[in-house]
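The structure under discussion appears below in the form of structure tokens.
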Amino acid sequence: MASTSKVDSSVDDEAEEEEFERFDDFTLASSWERFISEIEAICRQWLADGSKNLLEKGAIQLDSSKNLYKAKSELKYFMKSYCMEYYFEIKKSGEFTVWDCTLHDLQLCFGVKEFLVIAPQSASGVVLDAPEASKLLSAVAIALSNCSSLWPAFVPVHDPSRDAFIGIQNMGTIFTRRFEADRICSQVPVKLMHLEGLYELFVSKFAYSTLDFSMHVFKVRFTMKLTYKTLPYDDDDDTRGEDVENTEPTDFPGGESGNRTQWDDDCPWSEWYSAEDLVKGFGLVVIWSEKKVEGSFEMAEIENSSPHEAEKWILFPNISDSWKGNRIGFASQLLLLIDAFKMSFEAQFMEDFVSVENPGSDNLKSSMVIPSPTIIDRVLKDLFHEGVQLPDFAKGQHRSSRSIKGAPLESLFAQFCLHSLWFGNCNIRAIAVLWIEFVREIRWYWEESQPLPKMPVNGSIDLSTCLINQKLQMLAICIEKMRELNEEFQDCIGSNDPSPADIKEDGQAVDGSNNLRIPDENFDRNCDSQLTADGLRESGNAVQRYTMKPQDVASVDKKPSDFVRRGSVGKVGSMMLLKSYQSMHAPFTQDAPLMTEDMHEERLHAVEAFGNSFEFSAQLERDILLSDMSAFKAANPDAVFEDFIRWHSPGDWLNDDGKENGPSGIPAVEDLKENWPPRGRLSQRMSEHGNLWRKIWNEAPAVQASEQKPLLDPNREGEKILHYLETLRPNDLLEQMVCTAFRASADTLNQTNFGALKQMAMKMDQLYITMSSVLKPLQANNLSGDSETIEDLRRLCVVFEHVEKLLTVAASLHRKFLQAPRISEAIFSDFYDFYLPKMGRGSGQEDVQMFDMKLQLRNHERQLVSNMFMPPTANQSWRKVLSMGNLLNGHEPILREIIFSSSDHVNGGHYAPSTPRAYQQEIETYRMYICGTSNDLRVALSVTSCD
């Protein structure tokens, strides 16, 4: 019994469920009504959420506007799927700006703010069937009415190319607006190409068609926007040079590729490559503000007026999209140099990359082509071309440039590195060939004693530069020394007969093969002058010769020893010699031998290895000490070792009387005669037994500096430098090339004139700081091919590329607006803000966002912009049929946009009989938006009616 009752109860439940399933809800009886209900539910939800909640739920911002967003929802009706989109603004301004560049197309066409668009989810995205479009629009209108919403709704119809829409808006209790837009893509009637015909087209929508519109007055509101564009550079009538038959490729930048003038011919990078002008041109928007017109004739006058009569001029630049991709420039070639640097660790010598017998040559890519000998000769000729004078090594140098251990931009090695970037596409084999020929050419200059081009021959070695530049600077000095020696030798062998200059004042001849001079006061003066010119120096405590008075040069007491004094630059204040009580004379001395960075390091390592003892330091400086002591003895024949110490190292002379010495150890003048000789003694280190300084003093002959053996042996040092260059390891060479190439490339770009663009100047400063930081590990000389520094260098190339692109835009804008810097500064500032977020990404990454900015011009800037619209030439004019008016220097607008509107007082107009008192005001009854050119016309009409 229990089981039977359970079965009966389950059967009853199933019957009950079937009864509920068969229940018909007659409030949603049809699919049409369910479709309206679904639209209504979506609209109610959007209304309830509001703009803030819709943003949180994923509303999408439109690219064309920073203030317009859209929310969308999908729905179905029968077998078709539809997408309904709600467009809304975040900041709801009270006043509607007609020509706001951020307006959506439908906002501009119909003068609405928020709106709905419902369209089928199909390939075309439009409703092709007219009844379906009307039914779809009716469903949306009913749903919005049920929601008490005043949103206008639109449905795209016809062919997608026509941009056609139909729409409807409930404006309250009695008014309704209907919208319609369509487009003529070809064969536009001539009448509709001019303002008169467009005015009559608008009037025909509310006036009787039988009227002659030209004979009647219809007051209509009118506003117009014209868009002009400068001719693209491809349309310019630049003619190429006549030398078009020479098609031989030029692998180095100095080659001529024709006589056509490029935009960047006077830019600093034009010697190496021609950059694409990213500023392709400019567009100009000219706006006539709203005014009332009363007839066709007035419209004809407006069409014949000049754009200079318009109320607003708005400029917008056309920035090429090519900034998104890879461009040929310093950055691209520096990246290739990094690849060559990584491969440089695979061989011991540069010749290994060229020799076919090298076992590792199979690893070299076949694409690593070595340019022809003709091109190599061109590069070498450009490198070693000797100008009239030395280049300015400070040219283009940034204040932070010296923090990068490279070579100055105009120096020989820096120019070699820049040529290497473009030689054979900067592969390791091409670099090896060019380096071998480069060193071979340097050896020729050395062997022929010819001045080394682009290298200074005076001054000290700049240790802040790379080692190769130091070596080349040293070699240039050695060549100059060799030339001087050769000239002196030629002068010496000119005559072997005695001359009056070979006889001493006492009638005795001087032994030796050198030319002899009379050792009088004039002889000393001439000799000293010659010594200074040859690079000899006046020692530390010497009085400058050109500041001495005549009475200071002559000896105080004329003893016989005074007449054999040689190489004196003058007395040392009031100091006297200890034994002879004569004035102490400072000698001319040789300059200390020049040393490169590696020579300093060798000396430092030697001191560290043997201890920092005084004796060892003296041993290292033996040649210099010997030269100074010999010169001192020649200038002071009666001097003793203590005199030399008092002059050369005053700190090693101690007074026993406890009195203070004068400046530089010189006793006071009044104490000289009373306390003579001075009571003093050598310091402990100088008085030690077997002191090296005293040994050198005892061995030093009395020889003036001009007759001494030079401290710098130019022949030996020159050969050592050439050996260094010829045996330099590839990775050592490439490390210095990378640093120098980055520095030289940046210094080249730094010469660009971009005006007062502060963002660009700041970016250049940041580039140097970044380069200094990334390139610093290369100075340690302990990298490997797998080092992380290689990847850092690649990232540095990306940063360099971005700065290079920014600089191209900055230079282009500056040269175009020299007379109106405010325009270039404003455009570049916007472009900088637009481009800055993209600088962290490589060129290969896609970016769909477009740079779009508008700048309103001031009255005094209009003429400058107008001059940019050059009158079309004969070859350019035949392509365009000038069918519209308002020409700007012969250019017709590429786009003309017009808005006509008419208003009516409700209480005395067509709608008066059925209009409540609350609506007795002026409303816009007709609005027509017209957009097009002589070959294209789009019309959007909205009509307000009283239903």
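In the structure tokens, the first chain shown is A, the next is B, and so on; residue numbers restart at 1 for each chain, and ligands run from 1 in the order shown.
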> Quick one: residues within 9 Å of Thr465 in chain A, only C-alpha atoms counted, chain neighbours fewer than 3 positions away excluded, as a count of residues only?
Replying inline: 12
> What does the distance between CA of Ser630 in chain A and CA of Glu699 in chain A come to in Å, to one decimal place?
Replying inline: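 Straight-line distance from CA of Ser630 in chain A to CA of Glu699 in chain A works out to 9.1 Å.
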>> Just checking: using only C-alpha atoms, which residue out of A:Leu150, A:Leu62, A:Met764, A:Val433 ends up closest to Phe175 in chain A?
In response: A:Leu150
>> Report, in Å to a single decimal, how far apart CA of Ile898 in chain A and CA of Cys946 in chain A are.
In response: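 Those two atoms sit 26.3 Å apart.
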